[in-house]
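Coordinates from start.cif are shown below (mmCIF, C-alpha atoms).
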data_final
#
loop_
_atom_site.label_atom_id
_atom_site.label_comp_id
_atom_site.auth_asym_id
_atom_site.auth_seq_id
_atom_site.Cartn_x
_atom_site.Cartn_y
_atom_site.Cartn_z
CA MET A 3 17.46 -24.99 11.40
CA ARG A 4 14.02 -23.48 11.54
CA VAL A 5 12.68 -20.23 10.14
CA ASN A 6 9.31 -18.73 10.89
CA VAL A 7 7.54 -17.90 7.61
CA LYS A 8 4.89 -15.19 7.42
CA LEU A 9 2.35 -14.98 4.62
CA PHE A 10 0.15 -12.00 3.77
CA ALA A 11 -2.78 -10.98 1.59
CA VAL A 12 -3.41 -13.33 -1.33
CA LEU A 13 -0.71 -15.74 -0.11
CA ARG A 14 -2.19 -15.97 3.36
CA GLU A 15 -5.59 -16.75 1.88
CA ARG A 16 -4.31 -19.30 -0.67
CA ALA A 17 -2.26 -21.11 1.96
CA GLY A 18 -5.06 -20.90 4.51
CA LYS A 19 -2.57 -19.69 7.10
CA GLY A 20 -0.52 -16.65 7.92
CA GLU A 21 2.39 -18.35 9.57
CA LEU A 22 4.31 -21.62 9.38
CA LEU A 23 7.61 -23.12 10.48
CA LEU A 24 10.03 -24.29 7.81
CA GLU A 25 12.78 -26.82 8.53
CA LEU A 26 15.82 -25.98 6.39
CA GLY A 27 19.39 -27.14 6.00
CA GLU A 28 22.18 -24.96 7.40
CA GLY A 29 23.24 -22.21 4.99
CA GLU A 30 19.97 -22.21 3.07
CA THR A 31 19.23 -19.00 1.19
CA VAL A 32 15.98 -17.07 0.94
CA ARG A 33 15.57 -18.31 -2.63
CA GLY A 34 16.13 -21.90 -1.52
CA ALA A 35 13.59 -21.47 1.28
CA ALA A 36 11.06 -20.25 -1.28
CA VAL A 37 11.47 -23.52 -3.21
CA VAL A 38 10.90 -25.56 -0.05
CA LEU A 39 7.91 -23.37 0.78
CA GLY A 40 6.40 -23.91 -2.69
CA GLU A 41 6.68 -27.69 -2.25
CA ARG A 42 5.09 -27.53 1.18
CA GLU A 43 2.31 -25.14 0.05
CA PRO A 44 1.60 -25.92 -3.63
CA GLY A 45 -1.31 -23.43 -3.64
CA ILE A 46 1.08 -20.51 -3.53
CA ALA A 47 3.98 -21.98 -5.53
CA ASN A 48 3.31 -20.05 -8.72
CA TYR A 49 3.17 -16.73 -6.84
CA LEU A 50 6.64 -17.13 -5.40
CA SER A 51 8.50 -15.87 -8.46
CA ARG A 52 6.70 -12.54 -8.22
CA VAL A 53 7.13 -11.67 -4.57
CA ALA A 54 9.72 -9.91 -2.44
CA PHE A 55 11.15 -11.25 0.79
CA ALA A 56 11.89 -9.69 4.13
CA VAL A 57 14.04 -11.23 6.82
CA ASN A 58 13.46 -9.90 10.29
CA ARG A 59 11.36 -7.08 8.80
CA GLU A 60 13.86 -5.79 6.26
CA TYR A 61 13.69 -6.43 2.51
CA VAL A 62 16.51 -8.77 1.43
CA PRO A 63 17.77 -10.18 -1.90
CA GLY A 64 17.14 -13.86 -2.72
CA GLU A 65 20.73 -14.92 -2.10
CA THR A 66 20.61 -13.88 1.56
CA VAL A 67 21.61 -16.74 3.85
CA LEU A 68 19.08 -17.57 6.56
CA ARG A 69 19.85 -18.27 10.16
CA ASP A 70 18.04 -20.35 12.74
CA GLY A 71 15.11 -18.42 14.21
CA ASP A 72 14.83 -15.88 11.38
CA GLU A 73 11.43 -14.44 10.51
CA LEU A 74 11.01 -14.79 6.74
CA ALA A 75 8.10 -12.78 5.33
CA VAL A 76 6.79 -13.31 1.82
CA ILE A 77 5.77 -9.91 0.50
CA PRO A 78 3.40 -9.76 -2.48
CA PRO A 79 3.44 -6.45 -4.38
CA VAL A 80 2.28 -3.84 -1.88
CA SER A 81 -0.75 -1.66 -2.43
CA GLY A 82 -1.16 0.49 0.64
CA GLY A 83 -1.90 4.14 0.76
CA VAL A 84 -4.58 5.06 -1.70
CA GLY A 85 -7.86 3.84 -3.11
CA MET B 27 -16.78 62.98 -14.43
CA ARG B 28 -16.43 61.27 -11.08
CA VAL B 29 -14.73 58.07 -10.10
CA ASN B 30 -15.01 56.34 -6.77
CA VAL B 31 -11.52 55.63 -5.43
CA LYS B 32 -10.89 52.82 -2.96
CA LEU B 33 -7.81 52.62 -0.76
CA PHE B 34 -6.57 49.60 1.15
CA ALA B 35 -4.05 48.54 3.75
CA VAL B 36 -1.19 51.02 4.22
CA LEU B 37 -2.82 53.51 1.81
CA ARG B 38 -6.12 53.44 3.66
CA GLU B 39 -4.32 54.11 6.93
CA ARG B 40 -2.08 56.87 5.56
CA ALA B 41 -5.00 58.64 3.92
CA GLY B 42 -7.20 58.10 6.94
CA LYS B 43 -10.00 56.92 4.68
CA GLY B 44 -10.87 53.92 2.53
CA GLU B 45 -12.93 55.68 -0.06
CA LEU B 46 -13.12 59.05 -1.79
CA LEU B 47 -14.66 60.66 -4.86
CA LEU B 48 -12.32 62.10 -7.47
CA GLU B 49 -13.47 64.74 -9.95
CA LEU B 50 -11.64 64.20 -13.27
CA GLY B 51 -11.72 65.58 -16.80
CA GLU B 52 -13.31 63.46 -19.53
CA GLY B 53 -10.91 60.93 -21.03
CA GLU B 54 -8.62 60.88 -17.99
CA THR B 55 -6.50 57.73 -17.64
CA VAL B 56 -5.79 55.67 -14.56
CA ARG B 57 -2.25 57.08 -14.48
CA GLY B 58 -3.63 60.60 -14.69
CA ALA B 59 -6.10 59.88 -11.91
CA ALA B 60 -3.21 58.70 -9.72
CA VAL B 61 -1.52 62.10 -10.15
CA VAL B 62 -4.70 63.89 -9.12
CA LEU B 63 -5.08 61.50 -6.19
CA GLY B 64 -1.51 62.17 -5.04
CA GLU B 65 -2.18 65.94 -5.05
CA ARG B 66 -5.39 65.48 -3.12
CA GLU B 67 -3.84 63.03 -0.61
CA PRO B 68 -0.16 63.98 -0.26
CA GLY B 69 0.33 61.37 2.49
CA ILE B 70 0.11 58.56 -0.04
CA ALA B 71 1.70 60.30 -3.04
CA ASN B 72 5.04 58.52 -2.82
CA TYR B 73 3.37 55.10 -2.67
CA LEU B 74 1.53 55.61 -5.96
CA SER B 75 4.44 54.65 -8.19
CA ARG B 76 4.57 51.19 -6.59
CA VAL B 77 0.94 50.13 -6.69
CA ALA B 78 -1.36 48.41 -9.14
CA PHE B 79 -4.80 49.62 -10.13
CA ALA B 80 -8.11 47.89 -10.60
CA VAL B 81 -11.09 49.38 -12.35
CA ASN B 82 -14.39 47.81 -11.47
CA ARG B 83 -12.54 44.97 -9.72
CA GLU B 84 -10.20 43.97 -12.54
CA TYR B 85 -6.51 44.82 -12.75
CA VAL B 86 -5.87 47.38 -15.53
CA PRO B 87 -2.81 49.06 -17.06
CA GLY B 88 -2.12 52.71 -16.30
CA GLU B 89 -3.19 53.93 -19.75
CA THR B 90 -6.77 52.68 -19.27
CA VAL B 91 -9.28 55.45 -19.85
CA LEU B 92 -11.72 55.98 -17.00
CA ARG B 93 -15.44 56.52 -17.33
CA ASP B 94 -17.90 58.33 -15.12
CA GLY B 95 -18.94 56.13 -12.19
CA ASP B 96 -15.96 53.78 -12.37
CA GLU B 97 -14.64 52.21 -9.18
CA LEU B 98 -10.87 52.77 -9.15
CA ALA B 99 -9.05 50.70 -6.54
CA VAL B 100 -5.45 51.37 -5.57
CA ILE B 101 -3.84 48.01 -4.89
CA PRO B 102 -0.62 47.90 -2.89
CA PRO B 103 1.44 44.73 -3.32
CA VAL B 104 -0.76 41.92 -2.06
CA SER B 105 0.25 39.61 0.75
CA GLY B 106 -2.64 37.26 1.37
CA GLY B 107 -2.49 33.56 1.87
CA VAL B 108 0.26 32.62 4.22
CA GLY B 109 1.98 33.74 7.39
CA MET C 15 -19.07 27.99 -13.59
CA GLY C 16 -19.38 28.55 -9.86
CA ARG C 17 -18.45 25.13 -8.56
CA GLY C 18 -16.63 24.58 -5.28
CA TRP C 19 -16.82 26.35 -1.93
CA VAL C 20 -15.17 29.76 -2.27
CA GLU C 21 -15.50 32.18 0.60
CA ILE C 22 -13.89 34.99 2.58
CA ILE C 23 -14.60 34.33 6.23
CA SER C 24 -14.13 36.46 9.36
CA THR C 25 -14.27 33.59 11.89
CA PRO C 26 -11.75 30.74 12.44
CA LEU C 27 -11.38 28.38 9.48
CA ASP C 28 -12.30 24.74 10.09
CA VAL C 29 -10.06 22.15 8.40
CA ASP C 30 -12.50 19.35 9.15
CA LEU C 31 -15.37 21.16 7.45
CA ALA C 32 -13.22 22.13 4.46
CA THR C 33 -12.01 18.55 4.02
CA LYS C 34 -15.46 17.01 4.37
CA SER C 35 -16.79 19.45 1.79
CA VAL C 36 -14.57 17.82 -0.87
CA GLN C 37 -14.65 14.21 0.39
CA GLU C 38 -16.83 12.77 -2.35
CA ALA C 39 -17.23 9.17 -3.55
CA ASP C 40 -15.59 9.71 -6.95
CA VAL C 41 -12.26 11.03 -5.65
CA GLY C 42 -9.26 9.13 -4.33
CA GLY C 43 -6.77 11.85 -3.42
CA ILE C 44 -7.38 14.92 -1.30
CA VAL C 45 -4.75 17.56 -0.65
CA VAL C 46 -5.42 20.24 1.93
CA PHE C 47 -3.21 23.25 2.37
CA LEU C 48 -3.28 25.46 5.46
CA GLY C 49 -1.32 28.69 5.63
CA THR C 50 -0.87 29.52 9.30
CA THR C 51 0.55 32.47 11.17
CA ARG C 52 4.11 31.54 12.08
CA ALA C 53 5.66 32.75 15.32
CA GLU C 54 8.50 35.16 14.65
CA LYS C 55 10.91 37.33 16.53
CA ASN C 56 12.43 40.32 14.84
CA ALA C 57 15.96 41.65 15.24
CA ASP C 58 15.19 43.63 18.39
CA GLY C 59 13.44 40.68 20.06
CA ARG C 60 9.83 41.69 19.49
CA GLU C 61 7.47 38.76 19.08
CA LEU C 62 4.81 38.45 16.43
CA ILE C 63 1.45 37.55 17.94
CA ALA C 64 -0.91 37.76 14.97
CA LEU C 65 -1.50 38.89 11.42
CA ASP C 66 -4.42 41.17 10.59
CA TYR C 67 -5.84 40.42 7.16
CA GLU C 68 -7.74 43.00 5.14
CA ALA C 69 -9.45 42.28 1.82
CA TYR C 70 -11.00 44.23 -1.00
CA PRO C 71 -13.78 41.74 -0.57
CA GLU C 72 -15.69 42.08 -3.85
CA MET C 73 -12.53 41.89 -5.96
CA ALA C 74 -10.78 39.23 -3.84
CA LEU C 75 -13.81 36.98 -3.92
CA ALA C 76 -14.13 37.35 -7.70
CA GLN C 77 -10.42 36.52 -8.05
CA MET C 78 -10.73 33.47 -5.81
CA ARG C 79 -13.80 32.37 -7.75
CA LYS C 80 -11.78 32.67 -10.97
CA LEU C 81 -8.90 30.64 -9.53
CA ALA C 82 -11.36 27.92 -8.55
CA ASP C 83 -12.90 27.90 -12.03
CA LEU C 84 -9.46 27.69 -13.64
CA ALA C 85 -8.51 24.79 -11.36
CA TYR C 86 -11.62 22.92 -12.52
CA GLU C 87 -10.56 23.56 -16.12
CA LYS C 88 -6.90 22.62 -15.73
CA TRP C 89 -7.28 19.50 -13.58
CA PRO C 90 -9.97 16.81 -13.18
CA VAL C 91 -11.12 18.31 -9.90
CA GLY C 92 -13.99 16.55 -8.18
CA GLU C 93 -14.52 19.15 -5.49
CA LEU C 94 -12.57 22.02 -4.02
CA ALA C 95 -12.72 24.52 -1.21
CA LEU C 96 -10.87 27.85 -1.23
CA LEU C 97 -11.30 29.76 2.00
CA HIS C 98 -9.54 32.91 3.15
CA ARG C 99 -9.92 34.43 6.54
CA VAL C 100 -9.94 38.17 7.25
CA GLY C 101 -9.41 39.95 10.56
CA ARG C 102 -6.95 38.93 13.26
CA VAL C 103 -5.30 35.53 12.77
CA ARG C 104 -3.19 34.57 15.76
CA VAL C 105 -0.05 32.44 15.74
CA LYS C 106 -0.87 28.78 14.77
CA GLU C 107 -4.24 29.70 13.25
CA PRO C 108 -4.84 29.30 9.51
CA SER C 109 -5.46 32.36 7.33
CA VAL C 110 -6.19 30.21 4.30
CA ILE C 111 -7.39 26.68 3.68
CA ILE C 112 -7.41 25.12 0.22
CA ALA C 113 -8.78 21.59 -0.19
CA VAL C 114 -8.71 19.84 -3.55
CA ALA C 115 -10.07 16.38 -4.30
CA THR C 116 -9.29 14.55 -7.55
CA PRO C 117 -9.55 10.95 -8.73
CA HIS C 118 -5.74 10.56 -8.56
CA ARG C 119 -3.41 12.24 -6.11
CA ALA C 120 -0.92 13.89 -8.49
CA ASP C 121 -3.61 16.27 -9.74
CA ALA C 122 -4.70 17.20 -6.23
CA PHE C 123 -1.12 18.10 -5.28
CA GLU C 124 -0.60 20.17 -8.42
CA ALA C 125 -3.93 21.98 -8.30
CA CYS C 126 -3.61 22.81 -4.60
CA ARG C 127 -0.06 24.09 -5.03
CA TRP C 128 -1.08 26.16 -8.04
CA MET C 129 -4.00 27.74 -6.22
CA ILE C 130 -1.99 28.89 -3.21
CA ASP C 131 0.80 30.24 -5.43
CA GLU C 132 -1.68 32.18 -7.60
CA LEU C 133 -3.63 33.39 -4.60
CA LYS C 134 -0.53 34.88 -3.05
CA LYS C 135 0.45 36.58 -6.31
CA SER C 136 -2.71 38.40 -7.18
CA VAL C 137 -5.64 38.22 -4.80
CA ALA C 138 -6.54 41.59 -3.25
CA ILE C 139 -5.78 40.72 0.36
CA TRP C 140 -3.22 42.37 2.61
CA LYS C 141 -1.73 41.52 5.93
CA LYS C 142 -0.32 43.53 8.77
CA GLU C 143 1.98 42.17 11.42
CA VAL C 144 0.87 42.64 15.00
CA TRP C 145 3.73 42.55 17.50
CA ALA C 146 3.62 41.82 21.22
CA ASP C 147 4.73 45.39 22.07
CA GLY C 148 1.69 46.76 20.26
CA SER C 149 3.54 47.91 17.13
CA ARG C 150 2.18 46.99 13.72
CA SER C 151 3.43 46.98 10.17
CA TRP C 152 1.96 46.23 6.77
CA VAL C 153 3.56 43.49 4.73
CA HIS C 154 4.03 44.50 1.11
CA PRO C 155 6.35 41.93 -0.38
CA GLU C 156 7.37 43.67 -3.60
CA SER C 157 7.39 47.26 -2.41
CA MET D 24 14.93 9.74 15.96
CA GLY D 25 11.30 8.96 16.57
CA ARG D 26 9.74 12.36 15.98
CA GLY D 27 6.26 12.77 14.53
CA TRP D 28 3.05 10.81 15.02
CA VAL D 29 3.40 7.52 13.13
CA GLU D 30 0.72 4.90 13.61
CA ILE D 31 -1.27 2.07 12.05
CA ILE D 32 -4.85 2.45 13.20
CA SER D 33 -7.88 0.18 12.94
CA THR D 34 -10.53 2.86 13.50
CA PRO D 35 -11.53 5.79 11.25
CA LEU D 36 -8.76 8.35 10.72
CA ASP D 37 -9.46 11.89 11.91
CA VAL D 38 -8.18 14.72 9.67
CA ASP D 39 -8.79 17.32 12.35
CA LEU D 40 -6.68 15.45 14.90
CA ALA D 41 -3.92 14.79 12.37
CA THR D 42 -3.82 18.47 11.35
CA LYS D 43 -3.86 19.78 14.91
CA SER D 44 -1.01 17.43 15.80
CA VAL D 45 1.27 19.35 13.41
CA GLN D 46 -0.15 22.85 13.85
CA GLU D 47 2.71 24.34 15.84
CA ALA D 48 3.76 27.97 16.31
CA ASP D 49 6.96 27.73 14.29
CA VAL D 50 5.38 26.52 11.04
CA GLY D 51 3.65 28.51 8.30
CA GLY D 52 2.62 25.89 5.76
CA ILE D 53 0.75 22.67 6.43
CA VAL D 54 -0.05 20.14 3.71
CA VAL D 55 -2.38 17.28 4.50
CA PHE D 56 -2.90 14.36 2.14
CA LEU D 57 -5.83 11.97 2.43
CA GLY D 58 -6.04 8.84 0.31
CA THR D 59 -9.69 7.82 0.20
CA THR D 60 -11.53 4.82 -1.19
CA ARG D 61 -12.87 5.90 -4.57
CA ALA D 62 -16.21 4.54 -5.85
CA GLU D 63 -15.71 2.36 -8.90
CA LYS D 64 -17.73 0.21 -11.21
CA ASN D 65 -16.03 -2.60 -13.04
CA ALA D 66 -16.73 -3.74 -16.60
CA ASP D 67 -19.67 -5.95 -15.64
CA GLY D 68 -21.32 -3.23 -13.55
CA ARG D 69 -20.31 -4.39 -10.09
CA GLU D 70 -19.80 -1.58 -7.59
CA LEU D 71 -16.89 -1.23 -5.23
CA ILE D 72 -18.06 -0.60 -1.66
CA ALA D 73 -14.84 -0.77 0.34
CA LEU D 74 -11.20 -1.70 0.49
CA ASP D 75 -9.92 -4.09 3.15
CA TYR D 76 -6.40 -3.20 4.24
CA GLU D 77 -4.04 -5.76 5.77
CA ALA D 78 -0.60 -4.92 7.13
CA TYR D 79 2.48 -6.77 8.26
CA PRO D 80 2.22 -4.46 11.21
CA GLU D 81 5.70 -4.70 12.73
CA MET D 82 7.43 -4.22 9.38
CA ALA D 83 5.00 -1.61 8.03
CA LEU D 84 5.29 0.50 11.16
CA ALA D 85 9.10 0.33 11.06
CA GLN D 86 8.99 1.38 7.39
CA MET D 87 6.65 4.27 8.11
CA ARG D 88 8.86 5.30 11.03
CA LYS D 89 11.83 5.33 8.65
CA LEU D 90 9.96 7.42 6.06
CA ALA D 91 9.12 9.93 8.77
CA ASP D 92 12.75 10.08 9.94
CA LEU D 93 13.93 10.59 6.36
CA ALA D 94 11.41 13.38 5.83
CA TYR D 95 12.79 15.14 8.91
CA GLU D 96 16.28 14.79 7.43
CA LYS D 97 15.43 15.91 3.90
CA TRP D 98 13.17 18.87 4.70
CA PRO D 99 12.92 21.37 7.57
CA VAL D 100 9.88 19.61 8.98
CA GLY D 101 8.40 21.12 12.12
CA GLU D 102 5.94 18.33 12.78
CA LEU D 103 4.41 15.49 10.82
CA ALA D 104 1.79 12.79 11.13
CA LEU D 105 1.79 9.59 9.08
CA LEU D 106 -1.26 7.45 9.74
CA HIS D 107 -2.43 4.33 7.93
CA ARG D 108 -5.67 2.58 8.59
CA VAL D 109 -6.16 -1.19 8.46
CA GLY D 110 -9.40 -3.13 8.18
CA ARG D 111 -12.40 -2.14 6.10
CA VAL D 112 -12.29 1.35 4.59
CA ARG D 113 -15.56 2.25 2.89
CA VAL D 114 -15.99 4.55 -0.10
CA LYS D 115 -15.15 8.19 0.85
CA GLU D 116 -13.23 7.19 3.96
CA PRO D 117 -9.46 7.78 4.19
CA SER D 118 -7.05 4.85 4.37
CA VAL D 119 -4.08 7.15 4.88
CA ILE D 120 -3.53 10.65 6.23
CA ILE D 121 -0.19 12.40 5.99
CA ALA D 122 0.17 15.86 7.51
CA VAL D 123 3.40 17.84 7.19
CA ALA D 124 4.11 21.24 8.66
CA THR D 125 7.13 23.31 7.64
CA PRO D 126 8.15 26.97 8.01
CA HIS D 127 7.53 27.53 4.26
CA ARG D 128 4.94 25.84 2.10
CA ALA D 129 7.11 24.48 -0.73
CA ASP D 130 8.78 22.06 1.67
CA ALA D 131 5.47 20.84 3.07
CA PHE D 132 4.17 20.08 -0.43
CA GLU D 133 7.35 18.24 -1.41
CA ALA D 134 7.70 16.25 1.79
CA CYS D 135 4.04 15.21 1.83
CA ARG D 136 4.14 14.14 -1.82
CA TRP D 137 7.35 12.22 -1.27
CA MET D 138 5.96 10.36 1.74
CA ILE D 139 2.82 9.14 0.01
CA ASP D 140 4.79 8.09 -3.09
CA GLU D 141 7.31 6.17 -1.00
CA LEU D 142 4.64 4.66 1.21
CA LYS D 143 2.83 3.23 -1.80
CA LYS D 144 6.04 1.80 -3.23
CA SER D 145 7.38 -0.13 -0.30
CA VAL D 146 5.33 -0.26 2.86
CA ALA D 147 4.07 -3.77 3.73
CA ILE D 148 0.35 -3.08 3.41
CA TRP D 149 -2.07 -4.72 1.02
CA LYS D 150 -5.58 -4.00 -0.04
CA LYS D 151 -8.45 -6.12 -1.25
CA GLU D 152 -11.40 -4.78 -3.19
CA VAL D 153 -14.81 -5.52 -1.72
CA TRP D 154 -17.60 -5.42 -4.30
CA ALA D 155 -21.32 -4.95 -3.73
CA ASP D 156 -22.08 -8.49 -4.94
CA GLY D 157 -19.86 -9.93 -2.22
CA SER D 158 -16.91 -10.74 -4.47
CA ARG D 159 -13.43 -9.70 -3.43
CA SER D 160 -10.05 -9.42 -5.06
CA TRP D 161 -6.56 -8.53 -3.90
CA VAL D 162 -4.86 -5.59 -5.55
CA HIS D 163 -1.26 -6.37 -6.44
CA PRO D 164 -0.19 -3.58 -8.78
CA GLU D 165 2.98 -5.04 -10.25
CA SER D 166 2.00 -8.72 -10.41
#
As structure tokens, how would this structure be written, given the file I've shared?
Amino acid sequence: MRVNVKLFAVLRERAGKGELLLELGEGETVRGAAVVLGEREPGIANYLSRVAFAVNREYVPGETVLRDGDELAVIPPVSGGVG
Amino acid sequence: MRVNVKLFAVLRERAGKGELLLELGEGETVRGAAVVLGEREPGIANYLSRVAFAVNREYVPGETVLRDGDELAVIPPVSGGVG
Amino acid sequence: MGRGWVEIISTPLDVDLATKSVQEADVGGIVVFLGTTRAEKNADGRELIALDYEAYPEMALAQMRKLADLAYEKWPVGELALLHRVGRVRVKEPSVIIAVATPHRADAFEACRWMIDELKKSVAIWKKEVWADGSRSWVHPES
Amino acid sequence: MGRGWVEIISTPLDVDLATKSVQEADVGGIVVFLGTTRAEKNADGRELIALDYEAYPEMALAQMRKLADLAYEKWPVGELALLHRVGRVRVKEPSVIIAVATPHRADAFEACRWMIDELKKSVAIWKKEVWADGSRSWVHPES
């Protein structure tokens, strides 16, 4: 199955892209996808233990099982709102 | 001695004036001046137990002794600020 | 001390002007409070159209000035504006605008809240309700 | 629910517009919060000139929408505006404006404070410091 990965902020810059497709085995979890992502994009691998994940625009825990076509966003600590 | 009395809001309207001169004996207190004021302006007499007083633009207790030329303001409960 | 913009004003208050007056480079949080005339209907169906504000201007201004000075002492205020309108303030219009700018937002919230609470308690300003049928009545909360 | 003005905007935020959008007849207290870019100098004397904000727009907007809906549930909000800017926000300019109008002021203060605190905690928006010497660095508070 395929999930569409979205990268933001420091991760987007380190990876040199904001979006990529990840080919995963059926039943793969978010945490498992992060491992595959770190292998594919070594520049961001050491960030991936300190980020949150959203699937289809909702925060999810690492054990969430992905489905074909999901949008998986890697969310570094947020810092909106104030200077 | 003379003090200059200032009336506001409901008191100003009831008395039909915002300012008057009160002739008082030496050593008169604010509380004493209020009694004289109530005799002079009966229309506001029954309000005078529920007001605060300011002498020369500072709140003062009723036992404050007045001096010639003081500005004595009768301050009904305030209601500034919000609708 | 005398810092900040403290004024009693007889024309409509301008939130944009008040905000810009505190929008300095060394602050990060700005809290602006507006107290506006709220539409009301009383028991017999009369509608409130405005509040008429009357001040003891010399005393009220000195009290507002003191509140501003105390806010500068109690919180790390960068800039503040404390403006009270007098005269007729129609429904939706602000009678008071308080703008406080501080380096961090918690202080701006606290200082702004404190100033409006104190202002309502003690500042020599009174309001009178003006109803659509022409009747009027003074508002004296504790009397 | 979908009440209130909730938007992510790439042009300068307008406090006057945000305030007027909540200034309705049935409210008496309006609290407006502005988060602005604060001038800073770091240890080696470099000066901050701006913050660049980046959003995951679809998620951030849905989160802001949800915060607004919750505010309507938790407090008797008449109207609110919750606006976040993206792109370059120079020193003094606001990156966020939250305006909340309620019948009584305590609720407006609480709801406004709650919304900015929640927004900072969870909404998918990031900022990068832009320094006068051209250097830049992402701000990731908990990392």
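Residues near the point (-2.0, 64.6, -9.0), at a distance of 12 Å or less over all atoms listed in the file, make up Leu48, Glu49, Leu50, Glu54, Thr55, Val56, Arg57, Gly58, Ala59, Ala60, Val61, Val62, Leu63, Gly64, Glu65, Arg66, Glu67, Pro68, Ile70, Ala71, Asn72, Leu74 and Ser75 of chain B.
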Using all C-alpha atoms paired in order, least-squares fit chain A onto chain B and give me the moved copy as a short mmCIF file (atom, residue, chain, number, x, y, z; two decimals) with C-alpha atoms, keeping the file's coordinate frame.
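Just written: out05.cif:
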data_model
loop_
_atom_site.label_atom_id
_atom_site.label_comp_id
_atom_site.auth_asym_id
_atom_site.auth_seq_id
_atom_site.Cartn_x
_atom_site.Cartn_y
_atom_site.Cartn_z
CA MET A 3 -16.76 63.00 -14.43
CA ARG A 4 -16.44 61.30 -11.09
CA VAL A 5 -14.73 58.07 -10.11
CA ASN A 6 -15.02 56.35 -6.77
CA VAL A 7 -11.52 55.63 -5.42
CA LYS A 8 -10.89 52.79 -2.97
CA LEU A 9 -7.82 52.62 -0.76
CA PHE A 10 -6.57 49.58 1.15
CA ALA A 11 -4.03 48.54 3.76
CA VAL A 12 -1.19 51.02 4.22
CA LEU A 13 -2.83 53.50 1.81
CA ARG A 14 -6.12 53.44 3.67
CA GLU A 15 -4.32 54.12 6.93
CA ARG A 16 -2.07 56.88 5.54
CA ALA A 17 -5.00 58.64 3.90
CA GLY A 18 -7.21 58.13 6.94
CA LYS A 19 -9.99 56.90 4.67
CA GLY A 20 -10.87 53.93 2.54
CA GLU A 21 -12.92 55.68 -0.07
CA LEU A 22 -13.12 59.05 -1.80
CA LEU A 23 -14.66 60.66 -4.86
CA LEU A 24 -12.34 62.12 -7.48
CA GLU A 25 -13.50 64.74 -9.98
CA LEU A 26 -11.66 64.20 -13.28
CA GLY A 27 -11.73 65.57 -16.79
CA GLU A 28 -13.31 63.46 -19.54
CA GLY A 29 -10.89 60.93 -21.02
CA GLU A 30 -8.62 60.87 -17.98
CA THR A 31 -6.50 57.74 -17.64
CA VAL A 32 -5.79 55.66 -14.56
CA ARG A 33 -2.27 57.08 -14.46
CA GLY A 34 -3.63 60.63 -14.68
CA ALA A 35 -6.10 59.89 -11.88
CA ALA A 36 -3.21 58.69 -9.72
CA VAL A 37 -1.52 62.09 -10.14
CA VAL A 38 -4.70 63.90 -9.11
CA LEU A 39 -5.08 61.51 -6.19
CA GLY A 40 -1.50 62.18 -5.03
CA GLU A 41 -2.17 65.93 -5.03
CA ARG A 42 -5.39 65.48 -3.10
CA GLU A 43 -3.83 63.02 -0.60
CA PRO A 44 -0.14 63.98 -0.25
CA GLY A 45 0.32 61.34 2.49
CA ILE A 46 0.11 58.55 -0.04
CA ALA A 47 1.69 60.29 -3.05
CA ASN A 48 5.04 58.53 -2.84
CA TYR A 49 3.37 55.10 -2.70
CA LEU A 50 1.53 55.59 -5.97
CA SER A 51 4.43 54.62 -8.22
CA ARG A 52 4.57 51.19 -6.60
CA VAL A 53 0.95 50.13 -6.69
CA ALA A 54 -1.36 48.39 -9.14
CA PHE A 55 -4.79 49.60 -10.13
CA ALA A 56 -8.10 47.89 -10.60
CA VAL A 57 -11.10 49.38 -12.35
CA ASN A 58 -14.40 47.81 -11.48
CA ARG A 59 -12.54 44.98 -9.73
CA GLU A 60 -10.23 43.98 -12.56
CA TYR A 61 -6.52 44.83 -12.76
CA VAL A 62 -5.89 47.38 -15.53
CA PRO A 63 -2.80 49.06 -17.05
CA GLY A 64 -2.11 52.74 -16.29
CA GLU A 65 -3.18 53.95 -19.73
CA THR A 66 -6.74 52.69 -19.28
CA VAL A 67 -9.28 55.45 -19.85
CA LEU A 68 -11.74 55.98 -17.00
CA ARG A 69 -15.43 56.50 -17.34
CA ASP A 70 -17.91 58.32 -15.14
CA GLY A 71 -18.94 56.15 -12.19
CA ASP A 72 -15.96 53.78 -12.37
CA GLU A 73 -14.64 52.21 -9.17
CA LEU A 74 -10.87 52.77 -9.14
CA ALA A 75 -9.04 50.69 -6.52
CA VAL A 76 -5.44 51.36 -5.57
CA ILE A 77 -3.84 48.00 -4.90
CA PRO A 78 -0.61 47.90 -2.88
CA PRO A 79 1.45 44.72 -3.32
CA VAL A 80 -0.76 41.90 -2.06
CA SER A 81 0.24 39.60 0.76
CA GLY A 82 -2.65 37.25 1.37
CA GLY A 83 -2.49 33.56 1.89
CA VAL A 84 0.30 32.65 4.23
CA GLY A 85 2.00 33.78 7.41
#
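Of the listed residues B:Val77, B:Val86, B:Val29, B:Ala41, the one whose atoms come nearest to chain C is B:Val77, with distances taken using all atoms listed in the file.
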Based on all atoms listed in the file, which of the residues in chain D come within 7 Å of chain C? I want them as number ranges by chain.
D: 38-39, 46-62, 114-115
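Between atom CA of C:Tyr67 and atom CA of B:Glu39 the interatomic distance comes to 13.8 Å.
Proximity ranking of D:Arg26, D:Lys89, D:Lys144, D:Arg69 relative to chain A places D:Lys144 first, based on all atoms listed in the file.
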Please identify all residues of chain A having at least one atom at most 12 Å from any atom of chain D, considering only C-alpha atoms, and return them as a PyMOL selection string.
chain A and resi 8-16+20-21+48-61+73-85
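Atom pair atom CA of A:Leu23 / atom CA of A:Gly45 has a distance of 16.7 Å (rounded to one decimal).
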